[in-house]
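Enquirer: This is the content of run_10.pdb (PDB, C-alpha atoms and all ligand atoms):
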```
ATOM      1  CA  MET A   1      23.654   2.984 -33.995
ATOM      2  CA  LYS A   2      25.521   0.338 -32.059
ATOM      3  CA  LYS A   3      26.096   2.797 -29.211
ATOM      4  CA  ILE A   4      22.622   4.310 -29.173
ATOM      5  CA  PHE A   5      20.670   1.052 -28.867
ATOM      6  CA  PRO A   6      22.302  -0.163 -25.613
ATOM      7  CA  LEU A   7      21.837   3.321 -24.161
ATOM      8  CA  ALA A   8      18.132   3.217 -24.970
ATOM      9  CA  VAL A   9      17.866  -0.189 -23.308
ATOM     10  CA  LEU A  10      19.682   1.131 -20.243
ATOM     11  CA  VAL A  11      17.359   4.133 -19.975
ATOM     12  CA  PHE A  12      14.355   1.817 -20.267
ATOM     13  CA  LEU A  13      15.663  -0.470 -17.539
ATOM     14  CA  LEU A  14      16.402   2.420 -15.211
ATOM     15  CA  SER A  15      12.980   3.937 -15.735
ATOM     16  CA  ALA A  16      10.856   0.816 -15.555
ATOM     17  CA  GLY A  17      13.095  -1.841 -14.075
ATOM     18  CA  PRO A  18      12.546  -3.951 -10.984
ATOM     19  CA  ALA A  19      14.597  -1.548  -8.851
ATOM     20  CA  LEU A  20      11.399   0.445  -8.292
ATOM     21  CA  SER A  21       9.385  -2.343  -6.737
ATOM     22  CA  LEU A  22       8.848  -2.217  -3.000
ATOM     23  CA  GLU A  23      11.380  -4.467  -1.317
ATOM     24  CA  THR A  24      10.198  -7.489   0.601
ATOM     25  CA  GLY A  25      10.730  -6.732   4.268
ATOM     26  CA  ALA A  26      10.011  -3.018   3.928
ATOM     27  CA  MET A  27       8.485  -1.407   7.007
ATOM     28  CA  MET A  28       5.419   0.663   6.079
ATOM     29  CA  TYR A  29       3.889   3.556   8.005
ATOM     30  CA  HIS A  30       0.801   5.732   7.888
ATOM     31  CA  SER A  31      -0.757   8.376  10.079
ATOM     32  CA  SER A  32      -4.100   8.050  11.846
ATOM     33  CA  LYS A  33      -7.412   9.652  11.037
ATOM     34  CA  GLY A  34      -7.046  13.373  10.507
ATOM     35  CA  ASP A  35      -3.403  12.761   9.531
ATOM     36  CA  ILE A  36      -2.376  12.652  13.192
ATOM     37  CA  ALA A  37       0.584  10.617  14.427
ATOM     38  CA  TYR A  38       1.382  10.690  18.134
ATOM     39  CA  GLY A  39       4.775  12.325  18.646
ATOM     40  CA  ARG A  40       4.888  14.118  15.312
ATOM     41  CA  ASN A  41       4.473  17.906  15.221
ATOM     42  CA  GLY A  42       4.089  17.982  18.996
ATOM     43  CA  GLU A  43       0.888  15.957  18.812
ATOM     44  CA  MET A  44       0.817  14.021  22.080
ATOM     45  CA  SER A  45      -2.785  13.933  23.242
ATOM     46  CA  LEU A  46      -4.440  10.712  24.293
ATOM     47  CA  PRO A  47      -8.220  10.295  24.463
ATOM     48  CA  CYS A  48      -9.707  10.486  27.932
ATOM     49  CA  SER A  49     -12.792   8.361  27.746
ATOM     50  CA  PRO A  50     -12.792   4.750  26.615
ATOM     51  CA  LEU A  51     -15.417   5.693  24.056
ATOM     52  CA  ASP A  52     -13.104   8.200  22.421
ATOM     53  CA  ALA A  53     -10.444   5.540  22.396
ATOM     54  CA  PHE A  54     -12.890   3.134  20.787
ATOM     55  CA  PHE A  55     -14.143   5.248  17.997
ATOM     56  CA  GLY A  56     -11.223   7.599  17.565
ATOM     57  CA  GLU A  57      -8.366   5.195  18.389
ATOM     58  CA  LEU A  58      -5.191   6.556  19.950
ATOM     59  CA  LYS A  59      -4.112   8.596  16.916
ATOM     60  CA  SER A  60      -0.876   6.687  17.028
ATOM     61  CA  GLY A  61      -0.338   6.029  13.342
ATOM     62  CA  HIS A  62       0.258   2.538  12.022
ATOM     63  CA  ALA A  63       3.076   0.216  10.954
ATOM     64  CA  GLY A  64       3.172  -3.001   8.921
ATOM     65  CA  LEU A  65       5.525  -5.265   7.018
ATOM     66  CA  TYR A  66       5.616  -5.722   3.252
ATOM     67  CA  ILE A  67       6.234  -9.405   2.527
ATOM     68  CA  GLY A  68       6.308  -9.283  -1.286
ATOM     69  CA  GLY A  69       3.704 -10.251  -3.866
ATOM     70  CA  GLN A  70       1.555  -7.229  -2.943
ATOM     71  CA  LYS A  71       0.923  -8.676   0.519
ATOM     72  CA  ILE A  72       1.474  -7.289   3.979
ATOM     73  CA  ILE A  73       1.461  -8.686   7.497
ATOM     74  CA  HIS A  74       0.299  -6.350  10.229
ATOM     75  CA  ALA A  75      -1.242  -6.405  13.691
ATOM     76  CA  VAL A  76      -4.747  -4.949  13.828
ATOM     77  CA  ARG A  77      -7.903  -5.450  15.871
ATOM     78  CA  ASP A  78      -8.397  -8.967  14.553
ATOM     79  CA  GLY A  79      -4.857  -9.962  15.465
ATOM     80  CA  VAL A  80      -1.838 -10.525  13.239
ATOM     81  CA  VAL A  81      -3.127 -10.945   9.677
ATOM     82  CA  GLU A  82      -1.724 -11.381   6.171
ATOM     83  CA  VAL A  83      -3.699  -9.306   3.671
ATOM     84  CA  ALA A  84      -3.395  -7.562   0.311
ATOM     85  CA  SER A  85      -1.104  -4.538   0.516
ATOM     86  CA  GLU A  86      -3.932  -2.205  -0.551
ATOM     87  CA  ASN A  87      -5.496  -2.872   2.835
ATOM     88  CA  PHE A  88      -2.622  -1.159   4.630
ATOM     89  CA  ILE A  89      -4.856   1.927   4.392
ATOM     90  CA  THR A  90      -8.415   1.045   3.476
ATOM     91  CA  GLN A  91     -10.495   3.444   1.413
ATOM     92  CA  GLU A  92     -12.542   4.205   4.511
ATOM     93  CA  ASP A  93      -9.387   5.169   6.431
ATOM     94  CA  LEU A  94      -8.168   7.236   3.481
ATOM     95  CA  ASP A  95     -11.470   9.079   3.500
ATOM     96  CA  ASP A  96     -10.972   9.733   7.219
ATOM     97  CA  GLY A  97      -7.625  11.416   6.553
ATOM     98  CA  CYS A  98      -5.075   8.652   7.145
ATOM     99  CA  LYS A  99      -1.973   9.403   5.070
ATOM    100  CA  TYR A 100       0.837   7.145   3.895
ATOM    101  CA  LEU A 101       4.161   8.173   5.432
ATOM    102  CA  GLY A 102       6.251   5.811   3.337
ATOM    103  CA  ALA A 103       8.307   2.649   3.645
ATOM    104  CA  LYS A 104      11.743   2.076   5.171
ATOM    105  CA  ILE A 105      14.414  -0.620   5.074
ATOM    106  CA  PRO A 106      17.530  -1.180   7.203
ATOM    107  CA  VAL A 107      20.361   1.173   6.229
ATOM    108  CA  ASP A 108      22.559  -1.758   5.169
ATOM    109  CA  PHE A 109      19.804  -3.748   3.419
ATOM    110  CA  GLY A 110      21.618  -3.484   0.086
ATOM    111  CA  ASN A 111      24.777  -5.024   1.528
ATOM    112  CA  ALA A 112      24.595  -8.669   0.471
ATOM    113  CA  ALA A 113      27.221  -9.648   3.041
ATOM    114  CA  ALA A 114      25.128  -8.223   5.878
ATOM    115  CA  TRP A 115      21.789  -9.218   4.340
ATOM    116  CA  PRO A 116      22.137 -12.439   2.356
ATOM    117  CA  GLN A 117      18.868 -13.608   0.800
ATOM    118  CA  GLU A 118      18.393 -16.245   3.523
ATOM    119  CA  ARG A 119      18.314 -13.517   6.188
ATOM    120  CA  LYS A 120      15.786 -11.480   4.206
ATOM    121  CA  ASP A 121      13.675 -14.598   3.690
ATOM    122  CA  GLN A 122      13.613 -15.098   7.457
ATOM    123  CA  ILE A 123      11.749 -11.793   7.867
ATOM    124  CA  VAL A 124       8.805 -13.268   5.973
ATOM    125  CA  VAL A 125       9.083 -16.664   7.674
ATOM    126  CA  ILE A 126       9.037 -15.150  11.158
ATOM    127  CA  ALA A 127       6.282 -12.671  10.304
ATOM    128  CA  ARG A 128       4.120 -15.519   8.977
ATOM    129  CA  GLU A 129       4.718 -17.491  12.180
ATOM    130  CA  GLN A 130       2.962 -14.677  14.065
ATOM    131  CA  VAL A 131      -0.160 -14.685  11.857
ATOM    132  CA  GLY A 132      -3.206 -15.564  13.935
ATOM    133  CA  LYS A 133      -1.718 -14.363  17.201
ATOM    134  CA  ALA A 134      -3.660 -11.874  19.292
ATOM    135  CA  TYR A 135      -3.702  -8.119  19.259
ATOM    136  CA  ASP A 136      -2.556  -6.619  22.573
ATOM    137  CA  PHE A 137      -5.660  -4.706  23.593
ATOM    138  CA  THR A 138      -4.230  -3.690  26.970
ATOM    139  CA  PHE A 139      -0.745  -2.918  25.632
ATOM    140  CA  HIS A 140       0.739  -4.983  28.449
ATOM    141  CA  LEU A 141       3.341  -6.598  26.137
ATOM    142  CA  GLN A 142       3.132  -4.916  22.720
ATOM    143  CA  LYS A 143       6.222  -6.717  21.378
ATOM    144  CA  GLY A 144       4.962 -10.147  22.290
ATOM    145  CA  ASN A 145       6.766 -12.589  24.492
ATOM    146  CA  GLY A 146       7.068 -15.349  21.968
ATOM    147  CA  SER A 147       3.421 -16.308  22.266
ATOM    148  CA  GLY A 148       1.654 -13.319  20.815
ATOM    149  CA  ASP A 149       0.085 -10.101  22.031
ATOM    150  CA  PHE A 150       1.342  -7.567  19.550
ATOM    151  CA  THR A 151       0.641  -4.012  18.603
ATOM    152  CA  CYS A 152       1.425  -3.002  15.022
ATOM    153  CA  VAL A 153       4.782  -1.430  15.737
ATOM    154  CA  GLY A 154       5.640  -4.089  18.303
ATOM    155  CA  LEU A 155       5.181  -6.779  15.665
ATOM    156  CA  VAL A 156       7.494  -5.032  13.192
ATOM    157  CA  GLU A 157      10.129  -4.506  15.884
ATOM    158  CA  TYR A 158       9.835  -8.121  17.059
ATOM    159  CA  VAL A 159      10.249  -9.620  13.579
ATOM    160  CA  TYR A 160      13.370  -7.592  12.853
ATOM    161  CA  GLU A 161      14.859  -8.335  16.266
ATOM    162  CA  GLN A 162      14.363 -12.048  15.546
ATOM    163  CA  VAL A 163      16.574 -11.757  12.465
ATOM    164  CA  GLY A 164      19.176  -9.869  14.494
ATOM    165  CA  TYR A 165      18.360  -6.300  13.519
ATOM    166  CA  ASP A 166      17.395  -3.907  16.298
ATOM    167  CA  VAL A 167      15.449  -1.129  14.568
ATOM    168  CA  THR A 168      14.659   0.801  17.755
ATOM    169  CA  PRO A 169      16.955   0.568  20.792
ATOM    170  CA  ASP A 170      15.248  -1.216  23.679
ATOM    171  CA  GLY A 171      14.492   1.072  26.595
ATOM    172  CA  TYR A 172      12.050   3.254  28.465
ATOM    173  CA  TYR A 173      11.844   7.038  28.262
ATOM    174  CA  SER A 174      10.065   9.095  30.890
ATOM    175  CA  THR A 175      11.482  12.623  30.728
ATOM    176  CA  GLY A 176      14.529  14.705  29.818
ATOM    177  CA  ALA A 177      16.871  14.282  26.861
ATOM    178  CA  GLY A 178      15.987  11.760  24.196
ATOM    179  CA  GLY A 179      12.353  12.711  23.839
ATOM    180  CA  THR A 180       9.688  15.243  24.641
ATOM    181  CA  THR A 181       7.030  15.550  27.344
ATOM    182  CA  ARG A 182       3.725  17.413  27.449
ATOM    183  CA  ASP A 183       1.127  17.823  30.167
ATOM    184  CA  GLN A 184      -2.424  16.905  29.270
ATOM    185  CA  THR A 185      -5.507  17.666  31.330
ATOM    186  CA  TYR A 186      -8.121  14.924  31.091
ATOM    187  CA  ASN A 187     -11.754  15.678  31.826
ATOM    188  CA  CYS A 188     -14.404  13.127  30.929
ATOM    189  CA  ILE A 189     -16.644  10.496  32.423
ATOM    190  CA  ILE A 190     -13.640   8.531  33.672
ATOM    191  CA  THR A 191     -12.491  11.503  35.779
ATOM    192  CA  ALA A 192     -16.081  12.279  36.810
ATOM    193  CA  PHE A 193     -15.744  15.415  34.679
ATOM    194  CA  THR A 194     -13.066  16.896  36.897
ATOM    195  CA  ASP A 195      -9.598  17.877  35.729
ATOM    196  CA  TRP A 196      -6.924  15.172  35.915
ATOM    197  CA  THR A 197      -3.486  16.199  34.701
ATOM    198  CA  GLY A 198      -0.868  13.775  33.478
ATOM    199  CA  THR A 199       2.388  13.969  31.593
ATOM    200  CA  ASN A 200       2.641  12.237  28.240
ATOM    201  CA  SER A 201       6.031  11.433  26.774
ATOM    202  CA  PHE A 202       7.305  10.725  23.299
ATOM    203  CA  ALA A 203      10.514   8.707  23.106
ATOM    204  CA  GLN A 204      12.795   9.557  20.203
ATOM    205  CA  ALA A 205      15.742   7.311  21.023
ATOM    206  CA  VAL A 206      14.249   4.195  22.655
ATOM    207  CA  GLU A 207      11.113   2.121  22.218
ATOM    208  CA  PHE A 208       8.825   2.925  25.107
ATOM    209  CA  SER A 209       7.261   6.287  26.051
ATOM    210  CA  ARG A 210       5.873   6.961  29.529
ATOM    211  CA  ILE A 211       2.209   7.847  29.661
ATOM    212  CA  GLN A 212       0.074   9.068  32.535
ATOM    213  CA  HIS A 213      -3.619   8.487  32.062
ATOM    214  CA  PRO A 214      -6.718   8.186  34.253
ATOM    215  CA  LEU A 215      -6.947   4.550  33.136
ATOM    216  CA  GLU A 216      -3.246   3.758  33.326
ATOM    217  CA  ALA A 217      -3.857   1.084  35.946
ATOM    218  CA  LEU A 218      -5.563  -0.939  33.219
ATOM    219  CA  VAL A 219      -3.351  -0.306  30.260
ATOM    220  CA  GLY A 220       0.281  -0.060  29.211
ATOM    221  CA  ARG A 221       3.499  -1.956  29.732
ATOM    222  CA  GLU A 222       4.693  -1.734  33.322
ATOM    223  CA  HIS A 223       8.223  -0.586  34.061
ATOM    224  CA  GLU A 224       9.431   0.609  37.471
ATOM    225  CA  GLY A 225       5.960   1.663  38.555
ATOM    226  CA  GLY A 226       5.079   3.550  35.373
ATOM    227  CA  LYS A 227       3.150   2.640  32.243
ATOM    228  CA  TYR A 228       4.689   2.757  28.787
ATOM    229  CA  ILE A 229       3.594   2.578  25.153
ATOM    230  CA  PHE A 230       5.717   2.010  22.041
ATOM    231  CA  PHE A 231       4.437   4.463  19.426
ATOM    232  CA  PRO A 232       4.877   3.811  15.675
ATOM    233  CA  TYR A 233       6.376   7.244  15.034
ATOM    234  CA  THR A 234       9.280   6.452  17.377
ATOM    235  CA  GLN A 235      10.225   3.519  15.150
ATOM    236  CA  TYR A 236       9.609   5.548  12.002
ATOM    237  CA  ILE A 237      12.240   8.167  12.921
ATOM    238  CA  GLN A 238      15.045   5.734  13.776
ATOM    239  CA  THR A 239      18.272   6.232  11.845
ATOM    240  CA  THR A 240      18.749   2.463  11.603
ATOM    241  CA  THR A 241      16.397   2.587   8.613
ATOM    242  CA  VAL A 242      16.222   4.633   5.405
ATOM    243  CA  ALA A 243      13.234   5.596   3.292
ATOM    244  CA  VAL A 244      12.648   3.787   0.025
ATOM    245  CA  PRO A 245      10.894   5.374  -2.974
ATOM    246  CA  ASP A 246       7.178   4.833  -3.392
ATOM    247  CA  ASP A 247       6.359   1.993  -5.746
ATOM    248  CA  PRO A 248       3.506   2.683  -8.171
ATOM    249  CA  ASP A 249       3.135  -1.058  -8.791
ATOM    250  CA  THR A 250       2.477  -1.870  -5.126
ATOM    251  CA  PRO A 251      -0.800  -0.374  -3.907
ATOM    252  CA  VAL A 252      -0.687   0.587  -0.225
ATOM    253  CA  SER A 253      -4.169   2.029   0.067
ATOM    254  CA  GLY A 254      -7.688   1.952  -1.265
ATOM    255  CA  GLY A 255      -8.583  -1.527  -0.126
ATOM    256  CA  SER A 256     -12.032  -2.451   1.070
ATOM    257  CA  GLY A 257     -10.905  -5.121   3.516
ATOM    258  CA  SER A 258     -10.168  -5.060   7.213
ATOM    259  CA  GLY A 259      -8.836  -1.718   8.415
ATOM    260  CA  GLY A 260      -5.203  -0.992   9.063
ATOM    261  CA  LEU A 261      -5.147   1.075  12.225
ATOM    262  CA  CYS A 262      -2.863   0.495  15.181
ATOM    263  CA  PHE A 263      -3.987   0.968  18.786
ATOM    264  CA  VAL A 264      -7.344   0.719  17.138
ATOM    265  CA  SER A 265     -10.815   0.644  18.532
ATOM    266  CA  THR A 266     -11.676  -2.716  19.990
ATOM    267  CA  VAL A 267     -15.279  -2.341  18.905
ATOM    268  CA  ALA A 268     -16.841  -0.418  16.083
ATOM    269  CA  PRO A 269     -20.347  -0.078  14.725
ATOM    270  CA  GLY A 270     -21.007  -3.352  12.987
ATOM    271  CA  GLY A 271     -17.626  -4.661  14.044
ATOM    272  CA  THR A 272     -16.555  -7.262  16.519
ATOM    273  CA  ALA A 273     -13.694  -7.849  18.882
ATOM    274  CA  ALA A 274     -12.870 -11.075  17.104
ATOM    275  CA  GLY A 275      -9.409 -12.439  17.449
ATOM    276  CA  ASN A 276      -8.858 -11.621  21.099
ATOM    277  CA  ASN A 277      -9.056 -15.280  22.014
ATOM    278  CA  GLY A 278     -11.920 -14.797  24.403
ATOM    279  CA  LYS A 279     -10.244 -12.137  26.510
ATOM    280  CA  MET A 280     -12.662  -9.296  27.211
ATOM    281  CA  PRO A 281     -10.696  -6.195  26.319
ATOM    282  CA  TRP A 282     -10.936  -3.616  29.086
ATOM    283  CA  LEU A 283     -12.057  -0.973  26.623
ATOM    284  CA  LEU A 284     -14.819  -3.168  25.329
ATOM    285  CA  GLY A 285     -16.016  -4.015  28.811
ATOM    286  CA  ALA A 286     -16.042  -0.398  29.889
ATOM    287  CA  ALA A 287     -17.847   0.658  26.723
ATOM    288  CA  LEU A 288     -20.529  -1.935  27.097
ATOM    289  CA  LEU A 289     -21.122  -0.800  30.653
ATOM    290  CA  LEU A 290     -21.437   2.813  29.569
ATOM    291  CA  ILE A 291     -23.681   1.927  26.660
ATOM    292  CA  ALA A 292     -25.838  -0.241  28.883
ATOM    293  CA  ALA A 293     -26.117   2.590  31.375
ATOM    294  CA  GLY A 294     -27.414   4.843  28.629
ATOM    295  CA  THR A 295     -24.765   7.458  29.304
ATOM    296  CA  VAL A 296     -23.412   7.610  25.783
ATOM    297  CA  ARG A 297     -24.720   7.940  22.291
ATOM    298  CA  PHE A 298     -23.076   7.015  19.073
ATOM    299  CA  ARG A 299     -22.247   9.862  16.778
ATOM    300  CA  PRO A 300     -23.607   9.250  13.305
ATOM    301  CA  ARG A 301     -20.841   8.380  10.858
TER
HETATM  302 CA    CA A 401      14.370  -2.949  19.763
END
```
Would you mind writing the structure in this file as structure tokens?
Ligand SMILES: [Ca+2]
Expert:
Amino acid sequence: MKKIFPLAVLVFLLSAGPALSLETGAMMYHSSKGDIAYGRNGEMSLPCSPLDAFFGELKSGHAGLYIGGQKIIHAVRDGVVEVASENFITQEDLDDGCKYLGAKIPVDFGNAAAWPQERKDQIVVIAREQVGKAYDFTFHLQKGNGSGDFTCVGLVEYVYEQVGYDVTPDGYYSTGAGGTTRDQTYNCIITAFTDWTGTNSFAQAVEFSRIQHPLEALVGREHEGGKYIFFPYTQYIQTTTVAVPDDPDTPVSGGSGSGGLCFVSTVAPGGTAAGNNGKMPWLLGAALLLIAAGTVRFRPR
């Protein structure tokens, strides 16, 4: 009896103990509507018209940070916000086919010498310092410059870099080894309905992927004459992080609050472009012009 009781306690602790809860600082990921994530399964198409980008977003997938207490901090249309973890994927986004990819932590996160509690606490402190900063609608910075302008994945990368952990090696990928490239022919109102071919890239080993797009003059981070975007799936596949088990006690979807999409539409039916600090996003401006000109119609939802 004396031997059986401690064993039963041990089994109980292993099956229901705190080891299952999602760790504070975990990086969370989900795919976009239709379960698409740019760079995964060869999916590397970008929408041609600004309207497609508005209402369909860039199909980039999404990333956010779990900060404990069933809360997350992520960069979305309204800027960097702290919300309940169930809003990582809202019910509406679930219904549209967004799927949870899972959560990851640094490979050495369990090493108390490398990650003392103070260093882990700094992840939350630094993430909270970004709350209220703007979303980067033109993707000109993406990782911020200390003053804001984040995309979802750029925010996660920035916070970890600030605590001295480089999840994704800095760098720019345009072609060749270390990624993949695909040609895409664009044909929409922006190209006057003529074919415009560009090469899209997906970086596997460094942050930024080269894109060629009819609107590239207006969007993307400039590097040596080209435009670049940091896609969430690039960060997701880095070997600097390992997957952690799903935590049934931490809901990551089903919320009714503000949506959790990255590279998201800047306007939506009934929505606003709040949080951009008065800057007219180029997509919004272009859309309003097209709408005003009567050249587009909204598809019923
Ligand atoms: Ca980095």
Enquirer: Calculated over all atoms listed in the file, which of the candidates A:Ile72, A:Ile36, A:Val163, A:Ala63 has the smallest distance to ligand CA 401 (chain A)?
Expert: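 Answer, going by the shortest atom-to-atom distance: A:Val163.
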Enquirer: Please report, as lines of an AutoDock Vina configuration file, the centre and edge lengths in Å to one decimal of an axis-aligned box covering all listed atoms of region 172-190 of chain A with 5 Å per side.
Expert:
```
center_x = 0.1
center_y = 10.5
center_z = 28.8
size_x = 43.5
size_y = 24.6
size_z = 19.8
```
Enquirer: Per residue of chain A within 7 Å of ligand CA 401 (chain A), which atom pair is closest and at what distance in Å (one decimal), using all atoms listed in the file, listed by chain and increasing number, as JSON lines?
Expert:
```
{"residue": "A:Glu157", "atom": "CA", "partner": "A:CA401", "partner_atom": "CA", "distance": 6.0}
{"residue": "A:Glu161", "atom": "CA", "partner": "A:CA401", "partner_atom": "CA", "distance": 6.4}
{"residue": "A:Asp166", "atom": "CA", "partner": "A:CA401", "partner_atom": "CA", "distance": 4.7}
{"residue": "A:Val167", "atom": "CA", "partner": "A:CA401", "partner_atom": "CA", "distance": 5.6}
{"residue": "A:Thr168", "atom": "CA", "partner": "A:CA401", "partner_atom": "CA", "distance": 4.3}
{"residue": "A:Pro169", "atom": "CA", "partner": "A:CA401", "partner_atom": "CA", "distance": 4.5}
{"residue": "A:Asp170", "atom": "CA", "partner": "A:CA401", "partner_atom": "CA", "distance": 4.4}
{"residue": "A:Glu207", "atom": "CA", "partner": "A:CA401", "partner_atom": "CA", "distance": 6.5}
```
Enquirer: Using the chain letters and numbering of this document, enumerate as a list of chain:residue names the residues selected by the PyMOL selection byres (((chain A and resi 143) around 8) and not hetatm).
Expert: A:Leu141, A:Gln142, A:Gly144, A:Asn145, A:Asp149, A:Phe150, A:Thr151, A:Val153, A:Gly154, A:Leu155, A:Glu157, A:Tyr158
Enquirer: CA of Lys227 (chain A) to CA of Gln184 (chain A): how many Å, to one decimal?
Expert: 15.6 Å
Enquirer: Running the PyMOL selection byres (((chain A and resi 110-125) around 8) and not hetatm) on this model by hand, what would come out? Give it as an MDAnalysis selection string.
Expert: chainID A and resid 24:25 67 107:109 126:129 159:160 163
Enquirer: Record the distance separating CA of Thr175 (chain A) and CA of Val219 (chain A), expressed in Å with one decimal.
Expert: 19.7 Å
Enquirer: Excluding Glu86 (chain A) and residues on its chain fewer than 4 positions from it, collect all residues at most 12 Å away from it, counting all atoms listed in the file, and give them as JSON, numbers by chain.
Expert: {"A": [28, 64, 66, 69, 70, 71, 72, 73, 82, 90, 91, 92, 93, 94, 100, 248, 249, 250, 251, 252, 253, 254, 255, 256, 257, 258, 259, 260]}
Enquirer: When distances are computed from all atoms listed in the file, which of A:Asp136, A:Pro50, A:Asp96, A:Val83 shows the smallest separation from Cys262 (chain A)?
Expert: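 Distance minimum relative to Cys262 (chain A) lands on A:Asp136.
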